[in-house]
>>> print(open('work.txt').read())   # compact mmCIF, N, CA and C atoms
# COMPACT_ATOMS: atom_id res chain seq x y z
N MET A 1171 -57.75 10.85 113.79
CA MET A 1171 -57.63 10.16 115.07
C MET A 1171 -56.52 9.12 114.97
N ASN A 1172 -55.67 9.09 115.97
CA ASN A 1172 -54.60 8.10 116.02
C ASN A 1172 -55.12 6.88 116.79
N TYR A 1173 -55.60 5.89 116.04
CA TYR A 1173 -56.24 4.73 116.65
C TYR A 1173 -55.29 3.92 117.52
N ILE A 1174 -54.03 3.86 117.13
CA ILE A 1174 -53.05 3.11 117.92
C ILE A 1174 -52.88 3.75 119.29
N LYS A 1175 -52.68 5.05 119.32
CA LYS A 1175 -52.51 5.77 120.60
C LYS A 1175 -53.76 5.64 121.46
N GLU A 1176 -54.92 5.79 120.85
CA GLU A 1176 -56.19 5.65 121.59
C GLU A 1176 -56.34 4.25 122.16
N ALA A 1177 -55.97 3.24 121.37
CA ALA A 1177 -56.05 1.85 121.84
C ALA A 1177 -55.12 1.63 123.03
N GLU A 1178 -53.93 2.19 122.95
CA GLU A 1178 -52.98 2.08 124.07
C GLU A 1178 -53.56 2.72 125.33
N GLU A 1179 -54.18 3.87 125.18
CA GLU A 1179 -54.77 4.56 126.34
C GLU A 1179 -55.92 3.75 126.94
N GLU A 1180 -56.72 3.14 126.09
CA GLU A 1180 -57.83 2.30 126.59
C GLU A 1180 -57.28 1.14 127.43
N LEU A 1181 -56.23 0.51 126.95
CA LEU A 1181 -55.64 -0.61 127.69
C LEU A 1181 -55.01 -0.15 129.01
N LYS A 1182 -54.40 1.03 128.99
CA LYS A 1182 -53.79 1.56 130.22
C LYS A 1182 -54.85 1.87 131.27
N ARG A 1183 -56.06 2.23 130.83
CA ARG A 1183 -57.16 2.55 131.76
C ARG A 1183 -57.92 1.32 132.24
N TYR A 1184 -57.69 0.18 131.65
CA TYR A 1184 -58.46 -1.03 131.92
C TYR A 1184 -58.50 -1.39 133.41
N SER A 1185 -57.37 -1.38 134.08
CA SER A 1185 -57.33 -1.71 135.52
C SER A 1185 -58.12 -0.70 136.34
N ASP A 1186 -57.96 0.57 136.01
CA ASP A 1186 -58.70 1.61 136.73
C ASP A 1186 -60.20 1.46 136.52
N LEU A 1187 -60.61 1.10 135.33
CA LEU A 1187 -62.03 0.89 135.06
C LEU A 1187 -62.58 -0.25 135.91
N ASN A 1188 -61.83 -1.33 136.03
CA ASN A 1188 -62.27 -2.46 136.85
C ASN A 1188 -62.39 -2.07 138.32
N LYS A 1189 -61.42 -1.31 138.81
CA LYS A 1189 -61.47 -0.85 140.20
C LYS A 1189 -62.64 0.11 140.40
N SER A 1190 -62.86 0.97 139.44
CA SER A 1190 -63.96 1.92 139.49
C SER A 1190 -65.30 1.20 139.53
N LEU A 1191 -65.42 0.15 138.75
CA LEU A 1191 -66.66 -0.63 138.73
C LEU A 1191 -66.96 -1.21 140.10
N GLU A 1192 -65.93 -1.69 140.76
CA GLU A 1192 -66.09 -2.24 142.11
C GLU A 1192 -66.55 -1.16 143.09
N VAL A 1193 -65.92 -0.01 143.03
CA VAL A 1193 -66.28 1.10 143.92
C VAL A 1193 -67.71 1.56 143.65
N LEU A 1194 -68.07 1.70 142.38
CA LEU A 1194 -69.43 2.11 142.04
C LEU A 1194 -70.47 1.11 142.55
N GLY A 1195 -70.16 -0.17 142.42
CA GLY A 1195 -71.06 -1.21 142.93
C GLY A 1195 -71.26 -1.08 144.43
N ASP A 1196 -70.17 -0.85 145.15
CA ASP A 1196 -70.25 -0.66 146.61
C ASP A 1196 -71.05 0.60 146.95
N ASP A 1197 -70.84 1.67 146.19
CA ASP A 1197 -71.58 2.91 146.42
C ASP A 1197 -73.08 2.69 146.24
N ILE A 1198 -73.46 1.97 145.20
CA ILE A 1198 -74.88 1.70 144.94
C ILE A 1198 -75.49 0.88 146.08
N LYS A 1199 -74.75 -0.11 146.58
CA LYS A 1199 -75.24 -0.90 147.71
C LYS A 1199 -75.43 -0.02 148.95
N THR A 1200 -74.48 0.87 149.19
CA THR A 1200 -74.58 1.77 150.34
C THR A 1200 -75.78 2.70 150.21
N ILE A 1201 -75.98 3.24 149.02
CA ILE A 1201 -77.12 4.13 148.79
C ILE A 1201 -78.43 3.37 148.99
N ASN A 1202 -78.51 2.14 148.48
CA ASN A 1202 -79.73 1.34 148.68
C ASN A 1202 -79.99 1.11 150.17
N PHE A 1203 -78.94 0.81 150.91
CA PHE A 1203 -79.08 0.62 152.37
C PHE A 1203 -79.56 1.91 153.03
N ASP A 1204 -78.92 3.03 152.66
CA ASP A 1204 -79.30 4.33 153.23
C ASP A 1204 -80.74 4.69 152.87
N LEU A 1205 -81.15 4.38 151.64
CA LEU A 1205 -82.53 4.66 151.23
C LEU A 1205 -83.52 3.89 152.09
N ASN A 1206 -83.23 2.64 152.32
CA ASN A 1206 -84.11 1.82 153.17
C ASN A 1206 -84.15 2.37 154.59
N THR A 1207 -83.01 2.81 155.09
CA THR A 1207 -82.94 3.37 156.44
C THR A 1207 -83.75 4.67 156.53
N ILE A 1208 -83.60 5.54 155.54
CA ILE A 1208 -84.33 6.81 155.54
C ILE A 1208 -85.83 6.56 155.44
N LYS A 1209 -86.23 5.67 154.54
CA LYS A 1209 -87.66 5.37 154.38
C LYS A 1209 -88.26 4.82 155.67
N THR A 1210 -87.54 3.90 156.30
CA THR A 1210 -88.02 3.30 157.54
C THR A 1210 -88.10 4.35 158.64
N THR A 1211 -87.07 5.16 158.79
CA THR A 1211 -87.05 6.19 159.82
C THR A 1211 -88.15 7.21 159.56
N SER A 1212 -88.31 7.61 158.31
CA SER A 1212 -89.32 8.60 157.95
C SER A 1212 -90.72 8.10 158.27
N LEU A 1213 -90.99 6.86 157.95
CA LEU A 1213 -92.32 6.31 158.20
C LEU A 1213 -92.56 6.04 159.68
N ASP A 1214 -91.52 5.63 160.40
CA ASP A 1214 -91.67 5.29 161.81
C ASP A 1214 -91.80 6.51 162.70
N THR A 1215 -91.13 7.60 162.39
CA THR A 1215 -91.05 8.72 163.33
C THR A 1215 -91.98 9.88 163.01
N THR A 1216 -92.60 9.87 161.87
CA THR A 1216 -93.41 11.03 161.50
C THR A 1216 -94.90 10.67 161.55
N PRO A 1217 -95.63 11.32 162.46
CA PRO A 1217 -97.07 11.09 162.44
C PRO A 1217 -97.65 11.64 161.13
N GLY A 1218 -98.42 10.85 160.45
CA GLY A 1218 -99.01 11.28 159.18
C GLY A 1218 -98.10 11.06 157.99
N GLY A 1219 -96.84 10.70 158.21
CA GLY A 1219 -95.90 10.34 157.13
C GLY A 1219 -95.43 11.50 156.28
N GLY A 1220 -95.55 12.76 156.72
CA GLY A 1220 -95.17 13.90 155.87
C GLY A 1220 -93.88 14.56 156.27
N ASN A 1221 -92.81 13.83 156.45
CA ASN A 1221 -91.51 14.38 156.85
C ASN A 1221 -90.83 15.01 155.65
N ILE A 1222 -90.78 16.34 155.61
CA ILE A 1222 -90.19 17.06 154.48
C ILE A 1222 -88.69 16.78 154.38
N ASN A 1223 -87.98 16.80 155.52
CA ASN A 1223 -86.54 16.53 155.49
C ASN A 1223 -86.27 15.12 154.99
N GLY A 1224 -87.07 14.18 155.38
CA GLY A 1224 -86.93 12.80 154.90
C GLY A 1224 -87.18 12.71 153.42
N ASP A 1225 -88.18 13.46 152.92
CA ASP A 1225 -88.47 13.45 151.49
C ASP A 1225 -87.32 14.04 150.69
N ASP A 1226 -86.73 15.13 151.20
CA ASP A 1226 -85.56 15.73 150.53
C ASP A 1226 -84.39 14.76 150.51
N ALA A 1227 -84.18 14.09 151.63
CA ALA A 1227 -83.07 13.14 151.71
C ALA A 1227 -83.29 11.99 150.73
N ILE A 1228 -84.51 11.51 150.64
CA ILE A 1228 -84.81 10.43 149.70
C ILE A 1228 -84.60 10.89 148.26
N ALA A 1229 -85.06 12.09 147.92
CA ALA A 1229 -84.87 12.61 146.57
C ALA A 1229 -83.39 12.74 146.23
N ASN A 1230 -82.59 13.23 147.18
CA ASN A 1230 -81.15 13.36 146.96
C ASN A 1230 -80.50 11.99 146.77
N MET A 1231 -80.92 11.03 147.58
CA MET A 1231 -80.35 9.68 147.48
C MET A 1231 -80.74 9.03 146.15
N LEU A 1232 -81.97 9.22 145.72
CA LEU A 1232 -82.42 8.66 144.45
C LEU A 1232 -81.63 9.26 143.28
N PHE A 1233 -81.37 10.56 143.36
CA PHE A 1233 -80.57 11.20 142.32
C PHE A 1233 -79.15 10.63 142.30
N LYS A 1234 -78.53 10.51 143.47
CA LYS A 1234 -77.18 9.94 143.56
C LYS A 1234 -77.16 8.52 143.00
N LYS A 1235 -78.20 7.76 143.34
CA LYS A 1235 -78.28 6.37 142.87
C LYS A 1235 -78.35 6.33 141.34
N GLN A 1236 -79.16 7.20 140.75
CA GLN A 1236 -79.27 7.24 139.28
C GLN A 1236 -77.92 7.59 138.64
N VAL A 1237 -77.24 8.55 139.19
CA VAL A 1237 -75.93 8.95 138.65
C VAL A 1237 -74.95 7.79 138.74
N LYS A 1238 -74.90 7.13 139.90
CA LYS A 1238 -73.97 6.00 140.09
C LYS A 1238 -74.33 4.83 139.18
N GLU A 1239 -75.62 4.56 139.01
CA GLU A 1239 -76.04 3.46 138.15
C GLU A 1239 -75.68 3.72 136.69
N ARG A 1240 -75.83 4.97 136.24
CA ARG A 1240 -75.43 5.32 134.87
C ARG A 1240 -73.93 5.15 134.69
N ALA A 1241 -73.17 5.61 135.67
CA ALA A 1241 -71.71 5.47 135.61
C ALA A 1241 -71.31 4.00 135.62
N TYR A 1242 -71.99 3.21 136.43
CA TYR A 1242 -71.71 1.77 136.50
C TYR A 1242 -71.96 1.12 135.13
N LYS A 1243 -73.11 1.41 134.52
CA LYS A 1243 -73.43 0.81 133.22
C LYS A 1243 -72.43 1.23 132.15
N SER A 1244 -72.06 2.50 132.15
CA SER A 1244 -71.11 3.00 131.18
C SER A 1244 -69.73 2.35 131.36
N THR A 1245 -69.28 2.26 132.59
CA THR A 1245 -67.98 1.64 132.89
C THR A 1245 -68.00 0.16 132.54
N TYR A 1246 -69.07 -0.52 132.90
CA TYR A 1246 -69.22 -1.95 132.60
C TYR A 1246 -69.17 -2.18 131.09
N SER A 1247 -69.87 -1.33 130.35
CA SER A 1247 -69.89 -1.45 128.90
C SER A 1247 -68.49 -1.25 128.30
N LYS A 1248 -67.75 -0.27 128.81
CA LYS A 1248 -66.39 -0.01 128.32
C LYS A 1248 -65.49 -1.22 128.59
N ILE A 1249 -65.59 -1.79 129.80
CA ILE A 1249 -64.79 -2.96 130.16
C ILE A 1249 -65.10 -4.13 129.22
N LYS A 1250 -66.37 -4.38 129.00
CA LYS A 1250 -66.78 -5.49 128.13
C LYS A 1250 -66.30 -5.28 126.69
N THR A 1251 -66.31 -4.05 126.21
CA THR A 1251 -65.82 -3.76 124.86
C THR A 1251 -64.32 -4.04 124.76
N ILE A 1252 -63.57 -3.64 125.77
CA ILE A 1252 -62.13 -3.92 125.80
C ILE A 1252 -61.89 -5.42 125.84
N GLU A 1253 -62.61 -6.13 126.70
CA GLU A 1253 -62.43 -7.59 126.82
C GLU A 1253 -62.80 -8.31 125.53
N LYS A 1254 -63.85 -7.86 124.88
CA LYS A 1254 -64.26 -8.49 123.63
C LYS A 1254 -63.17 -8.32 122.57
N ALA A 1255 -62.63 -7.11 122.47
CA ALA A 1255 -61.56 -6.86 121.50
C ALA A 1255 -60.32 -7.69 121.83
N LEU A 1256 -59.98 -7.78 123.12
CA LEU A 1256 -58.83 -8.60 123.53
C LEU A 1256 -59.05 -10.07 123.19
N ASN A 1257 -60.24 -10.55 123.43
CA ASN A 1257 -60.54 -11.96 123.16
C ASN A 1257 -60.50 -12.30 121.68
N HIS A 1258 -60.80 -11.32 120.83
CA HIS A 1258 -60.78 -11.57 119.39
C HIS A 1258 -59.37 -11.58 118.81
N ILE A 1259 -58.40 -11.08 119.56
CA ILE A 1259 -57.02 -11.09 119.04
C ILE A 1259 -56.15 -12.09 119.80
N GLU A 1260 -56.77 -12.93 120.61
CA GLU A 1260 -56.03 -13.79 121.52
C GLU A 1260 -54.77 -14.41 120.92
N LYS A 1261 -54.91 -15.12 119.82
CA LYS A 1261 -53.72 -15.70 119.18
C LYS A 1261 -53.72 -15.34 117.70
N ASP A 1262 -52.56 -15.04 117.23
CA ASP A 1262 -52.38 -14.80 115.81
C ASP A 1262 -52.16 -16.16 115.16
N GLY A 1263 -52.96 -16.48 114.16
CA GLY A 1263 -52.84 -17.77 113.50
C GLY A 1263 -51.48 -18.05 112.91
N GLU A 1264 -50.73 -17.01 112.57
CA GLU A 1264 -49.43 -17.19 111.96
C GLU A 1264 -48.32 -17.37 113.00
N ARG A 1265 -48.57 -16.96 114.20
CA ARG A 1265 -47.54 -16.99 115.23
C ARG A 1265 -48.04 -17.77 116.43
N ASP A 1266 -47.12 -18.15 117.27
CA ASP A 1266 -47.49 -18.85 118.50
C ASP A 1266 -47.61 -17.87 119.66
N THR A 1267 -47.36 -16.59 119.40
CA THR A 1267 -47.39 -15.59 120.45
C THR A 1267 -48.83 -15.25 120.81
N ASP A 1268 -49.09 -15.18 122.08
CA ASP A 1268 -50.41 -14.80 122.57
C ASP A 1268 -50.47 -13.28 122.65
N ASP A 1269 -51.07 -12.67 121.64
CA ASP A 1269 -51.11 -11.21 121.57
C ASP A 1269 -51.91 -10.60 122.72
N LYS A 1270 -52.97 -11.27 123.11
CA LYS A 1270 -53.76 -10.78 124.24
C LYS A 1270 -52.89 -10.68 125.48
N GLN A 1271 -52.15 -11.74 125.76
CA GLN A 1271 -51.31 -11.75 126.95
C GLN A 1271 -50.21 -10.70 126.86
N LEU A 1272 -49.66 -10.51 125.68
CA LEU A 1272 -48.64 -9.47 125.49
C LEU A 1272 -49.21 -8.11 125.87
N LEU A 1273 -50.39 -7.80 125.37
CA LEU A 1273 -51.01 -6.51 125.67
C LEU A 1273 -51.33 -6.36 127.15
N LEU A 1274 -51.81 -7.43 127.76
CA LEU A 1274 -52.13 -7.37 129.19
C LEU A 1274 -50.87 -7.17 130.03
N TYR A 1275 -49.81 -7.92 129.73
CA TYR A 1275 -48.56 -7.76 130.47
C TYR A 1275 -48.02 -6.33 130.32
N TYR A 1276 -48.01 -5.85 129.09
CA TYR A 1276 -47.36 -4.57 128.83
C TYR A 1276 -48.19 -3.37 129.27
N TYR A 1277 -49.45 -3.32 128.87
CA TYR A 1277 -50.27 -2.13 129.14
C TYR A 1277 -51.04 -2.18 130.46
N VAL A 1278 -51.53 -3.34 130.83
CA VAL A 1278 -52.36 -3.44 132.03
C VAL A 1278 -51.48 -3.70 133.27
N ASP A 1279 -50.62 -4.71 133.18
CA ASP A 1279 -49.74 -5.03 134.31
C ASP A 1279 -48.52 -4.12 134.37
N LYS A 1280 -48.25 -3.40 133.28
CA LYS A 1280 -47.15 -2.43 133.20
C LYS A 1280 -45.79 -3.07 133.51
N LEU A 1281 -45.54 -4.23 132.88
CA LEU A 1281 -44.29 -4.94 133.13
C LEU A 1281 -43.09 -4.37 132.38
N GLY A 1282 -43.33 -3.61 131.33
CA GLY A 1282 -42.23 -3.05 130.56
C GLY A 1282 -41.77 -4.01 129.46
N ASP A 1283 -40.87 -3.51 128.63
CA ASP A 1283 -40.41 -4.26 127.45
C ASP A 1283 -39.73 -5.58 127.81
N ASP A 1284 -38.67 -5.47 128.60
CA ASP A 1284 -37.85 -6.65 128.89
C ASP A 1284 -38.61 -7.73 129.65
N ARG A 1285 -39.34 -7.32 130.66
CA ARG A 1285 -40.07 -8.29 131.49
C ARG A 1285 -41.19 -8.97 130.69
N THR A 1286 -41.87 -8.21 129.84
CA THR A 1286 -42.92 -8.80 129.00
C THR A 1286 -42.32 -9.80 128.03
N ALA A 1287 -41.23 -9.43 127.37
CA ALA A 1287 -40.56 -10.35 126.44
C ALA A 1287 -40.11 -11.61 127.17
N GLU A 1288 -39.57 -11.43 128.36
CA GLU A 1288 -39.12 -12.57 129.16
C GLU A 1288 -40.29 -13.49 129.51
N LYS A 1289 -41.39 -12.93 129.97
CA LYS A 1289 -42.56 -13.73 130.35
C LYS A 1289 -43.14 -14.50 129.16
N LEU A 1290 -43.04 -13.90 127.98
CA LEU A 1290 -43.56 -14.56 126.78
C LEU A 1290 -42.52 -15.44 126.10
N ASN A 1291 -41.31 -15.42 126.64
CA ASN A 1291 -40.22 -16.22 126.11
C ASN A 1291 -39.93 -15.88 124.63
N ILE A 1292 -39.84 -14.57 124.37
CA ILE A 1292 -39.50 -14.10 123.03
C ILE A 1292 -38.38 -13.07 123.16
N SER A 1293 -37.67 -12.85 122.04
CA SER A 1293 -36.58 -11.86 122.05
C SER A 1293 -37.17 -10.46 122.12
N ARG A 1294 -36.31 -9.52 122.46
CA ARG A 1294 -36.75 -8.13 122.54
C ARG A 1294 -37.21 -7.61 121.18
N SER A 1295 -36.50 -7.97 120.13
CA SER A 1295 -36.91 -7.53 118.78
C SER A 1295 -38.24 -8.17 118.39
N SER A 1296 -38.45 -9.43 118.75
CA SER A 1296 -39.74 -10.08 118.49
C SER A 1296 -40.84 -9.39 119.30
N PHE A 1297 -40.50 -8.99 120.52
CA PHE A 1297 -41.48 -8.29 121.35
C PHE A 1297 -41.96 -7.02 120.66
N TYR A 1298 -41.04 -6.21 120.16
CA TYR A 1298 -41.42 -4.95 119.52
C TYR A 1298 -42.29 -5.20 118.28
N ARG A 1299 -41.90 -6.18 117.49
CA ARG A 1299 -42.67 -6.51 116.29
C ARG A 1299 -44.06 -7.01 116.68
N ARG A 1300 -44.12 -7.92 117.65
CA ARG A 1300 -45.40 -8.49 118.09
C ARG A 1300 -46.28 -7.43 118.77
N LYS A 1301 -45.67 -6.54 119.52
CA LYS A 1301 -46.44 -5.50 120.20
C LYS A 1301 -47.14 -4.62 119.18
N TYR A 1302 -46.43 -4.23 118.13
CA TYR A 1302 -47.04 -3.40 117.10
C TYR A 1302 -48.19 -4.15 116.42
N ILE A 1303 -47.97 -5.41 116.09
CA ILE A 1303 -49.02 -6.21 115.45
C ILE A 1303 -50.21 -6.36 116.40
N ALA A 1304 -49.93 -6.65 117.67
CA ALA A 1304 -51.00 -6.88 118.65
C ALA A 1304 -51.83 -5.61 118.88
N ILE A 1305 -51.18 -4.47 119.06
CA ILE A 1305 -51.93 -3.24 119.34
C ILE A 1305 -52.70 -2.81 118.10
N THR A 1306 -52.18 -3.07 116.92
CA THR A 1306 -52.89 -2.77 115.68
C THR A 1306 -54.14 -3.64 115.56
N ARG A 1307 -53.99 -4.92 115.86
CA ARG A 1307 -55.14 -5.84 115.81
C ARG A 1307 -56.18 -5.45 116.87
N PHE A 1308 -55.71 -5.08 118.05
CA PHE A 1308 -56.63 -4.66 119.11
C PHE A 1308 -57.39 -3.41 118.68
N ALA A 1309 -56.68 -2.42 118.15
CA ALA A 1309 -57.31 -1.17 117.71
C ALA A 1309 -58.35 -1.44 116.63
N ARG A 1310 -58.03 -2.34 115.73
CA ARG A 1310 -58.97 -2.69 114.66
C ARG A 1310 -60.25 -3.30 115.26
N GLN A 1311 -60.08 -4.19 116.23
CA GLN A 1311 -61.24 -4.82 116.88
C GLN A 1311 -62.01 -3.81 117.73
N PHE A 1312 -61.29 -2.99 118.46
CA PHE A 1312 -61.92 -2.05 119.41
C PHE A 1312 -62.70 -0.95 118.68
N PHE A 1313 -62.08 -0.36 117.65
CA PHE A 1313 -62.70 0.76 116.97
C PHE A 1313 -63.50 0.36 115.72
N GLY A 1314 -63.27 -0.85 115.23
CA GLY A 1314 -64.02 -1.32 114.08
C GLY A 1314 -63.64 -0.64 112.78
N VAL A 1315 -62.41 -0.18 112.69
CA VAL A 1315 -61.93 0.47 111.48
C VAL A 1315 -60.58 -0.10 111.09
N GLU A 1316 -60.21 0.07 109.85
CA GLU A 1316 -58.89 -0.37 109.40
C GLU A 1316 -57.83 0.54 109.98
N VAL A 1317 -56.86 -0.04 110.62
CA VAL A 1317 -55.80 0.73 111.28
C VAL A 1317 -54.48 0.39 110.60
N LYS A 1318 -53.73 1.43 110.26
CA LYS A 1318 -52.42 1.20 109.63
C LYS A 1318 -51.36 1.96 110.35
>>> encode(input="work.txt", output="structure tokens")
Amino acid sequence: MNYIKEAEEELKRYSDLNKSLEVLGDDIKTINFDLNTIKTTSLDTTPGGGNINGDDAIANMLFKKQVKERAYKSTYSKIKTIEKALNHIEKDGERDTDDKQLLLYYYVDKLGDDRTAEKLNISRSSFYRRKYIAITRFARQFFGVEVK
């Protein structure tokens, strides 16, 4: 496994994961609202409370809710793992460069080489050296293995 490449891909997906978490949260709220609406309608309109169509709709909604909640938990967990790894590499004790910020600018904000170096006030050659060190440190934190 190429831990460096995998770490880069995780960082590139970070923004999408955050957006996905927001959408999943909204979906769960909508399903909860729909469930309450179906339950109320089913109880109010059916003499004896035995509405088969309402029961099917509720079962389908409960299944959708379970799927969305599992996806939400999984996505949330992935985001927290990325954030924890980023926070553990925030600053290199030997350098004044903020490795976390370098990774966020480059992989998450997609600023590119020159713009990231400019924002960090470092030379392009320092950027390349620091990027390699930062992504290696991130991969080590994220995967929990020695990365070379």
>>> closest_residue(input="work.txt", among="A:Ala1255, A:Lys1243, A:Arg1300, A:Gly1282", to="Phe1313 of chain A", atoms="only N, CA and C atoms")
A:Ala1255
>>> residues_around(input="work.txt", residues="Leu1194 of chain A", least_positions_apart="4", cutoff="9 Å", atoms="only C-alpha atoms", output="number ranges by chain")
A: 1189-1190, 1198-1199, 1238-1239, 1241-1242
>>> atom_distance(input="work.txt", atom1="atom CA of Asn1291 of chain A", atom2="atom N of Asn1257 of chain A")
21.0 Å
>>> atom_distance(input="work.txt", atom1="atom CA of Ser1295 of chain A", atom2="atom N of Glu1253 of chain A")
26.9 Å
>>> atom_distance(input="work.txt", atom1="atom CA of Arg1307 of chain A", atom2="atom CA of Leu1273 of chain A")
10.7 Å
>>> axis_aligned_box(input="work.txt", around="segment 1172-1182 of chain A", padding_each_side="6 Å", output="lines of an AutoDock Vina configuration file")
center_x = -55.2
center_y = 4.2
center_z = 123.6
size_x = 17.3
size_y = 21.7
size_z = 27.3
>>> residues_near_point(input="work.txt", point="(-46.1, -7.1, 132.3)", cutoff="6 Å", atoms="all atoms listed in the file", output="PyMOL selection string")
chain A and resi 1274-1276+1279-1282+1285-1286
>>> select_by_dssp(input="work.txt", residues="chain A", states="helix (DSSP H, G or I)", output="VMD selection string")
chain A and resid 1173 to 1215 1217 to 1219 1222 to 1258 1269 to 1278 1282 to 1290 1294 to 1313
>>> closest_residue(input="work.txt", among="A:Asn1202, A:Thr1306, A:Ser1244, A:Gln1271", to="Leu1290 of chain A", atoms="only C-alpha atoms")
A:Gln1271
>>> closest_residue(input="work.txt", among="A:Ile1252, A:Ala1304, A:Ile1174, A:Val1193", to="Leu1272 of chain A", atoms="only N, CA and C atoms")
A:Ala1304
>>> closest_residue(input="work.txt", among="A:Ser1247, A:Glu1316, A:Ile1305, A:Lys1175", to="Asp1269 of chain A", atoms="only N, CA and C atoms")
A:Ile1305
>>> closest_residue(input="work.txt", among="A:Ile1303, A:Val1317, A:Lys1248, A:Ala1309", to="Glu1176 of chain A", atoms="only C-alpha atoms")
A:Ala1309
>>> residues_around(input="work.txt", residues="Thr1245 of chain A", least_positions_apart="5", cutoff="8 Å", atoms="only N, CA and C atoms", output="list of chain:residue names")
A:Leu1187, A:Asn1188, A:Ser1190, A:Leu1191, A:Glu1239, A:Arg1240, A:Lys1250, A:Thr1251
>>> closest_residue(input="work.txt", among="A:Thr1200, A:Tyr1184, A:Phe1308, A:Ala1177", to="Ile1249 of chain A", atoms="all atoms listed in the file")
A:Tyr1184
>>> build_atoms(input="work.txt", residues="segment 1287-1298 of chain A", atoms="N, CA, C and O atoms", output="compact mmCIF listing (two decimals), in the coordinates of the input")
# COMPACT_ATOMS: atom_id res chain seq x y z
N ALA A 1287 -41.23 -9.43 127.37
CA ALA A 1287 -40.56 -10.35 126.44
C ALA A 1287 -40.11 -11.61 127.17
O ALA A 1287 -40.28 -12.73 126.66
N GLU A 1288 -39.57 -11.43 128.36
CA GLU A 1288 -39.12 -12.57 129.16
C GLU A 1288 -40.29 -13.49 129.51
O GLU A 1288 -40.19 -14.71 129.37
N LYS A 1289 -41.39 -12.93 129.97
CA LYS A 1289 -42.56 -13.73 130.35
C LYS A 1289 -43.14 -14.50 129.16
O LYS A 1289 -43.67 -15.59 129.32
N LEU A 1290 -43.04 -13.90 127.98
CA LEU A 1290 -43.56 -14.56 126.78
C LEU A 1290 -42.52 -15.44 126.10
O LEU A 1290 -42.81 -16.09 125.09
N ASN A 1291 -41.31 -15.42 126.64
CA ASN A 1291 -40.22 -16.22 126.11
C ASN A 1291 -39.93 -15.88 124.63
O ASN A 1291 -39.81 -16.76 123.78
N ILE A 1292 -39.84 -14.57 124.37
CA ILE A 1292 -39.50 -14.10 123.03
C ILE A 1292 -38.38 -13.07 123.16
O ILE A 1292 -38.16 -12.50 124.22
N SER A 1293 -37.67 -12.85 122.04
CA SER A 1293 -36.58 -11.86 122.05
C SER A 1293 -37.17 -10.46 122.12
O SER A 1293 -38.36 -10.24 121.85
N ARG A 1294 -36.31 -9.52 122.46
CA ARG A 1294 -36.75 -8.13 122.54
C ARG A 1294 -37.21 -7.61 121.18
O ARG A 1294 -38.22 -6.91 121.08
N SER A 1295 -36.50 -7.97 120.13
CA SER A 1295 -36.91 -7.53 118.78
C SER A 1295 -38.24 -8.17 118.39
O SER A 1295 -39.09 -7.51 117.78
N SER A 1296 -38.45 -9.43 118.75
CA SER A 1296 -39.74 -10.08 118.49
C SER A 1296 -40.84 -9.39 119.30
O SER A 1296 -41.96 -9.22 118.81
N PHE A 1297 -40.50 -8.99 120.52
CA PHE A 1297 -41.48 -8.29 121.35
C PHE A 1297 -41.96 -7.02 120.66
O PHE A 1297 -43.16 -6.78 120.58
N TYR A 1298 -41.04 -6.21 120.16
CA TYR A 1298 -41.42 -4.95 119.52
C TYR A 1298 -42.29 -5.20 118.28
O TYR A 1298 -43.29 -4.51 118.06
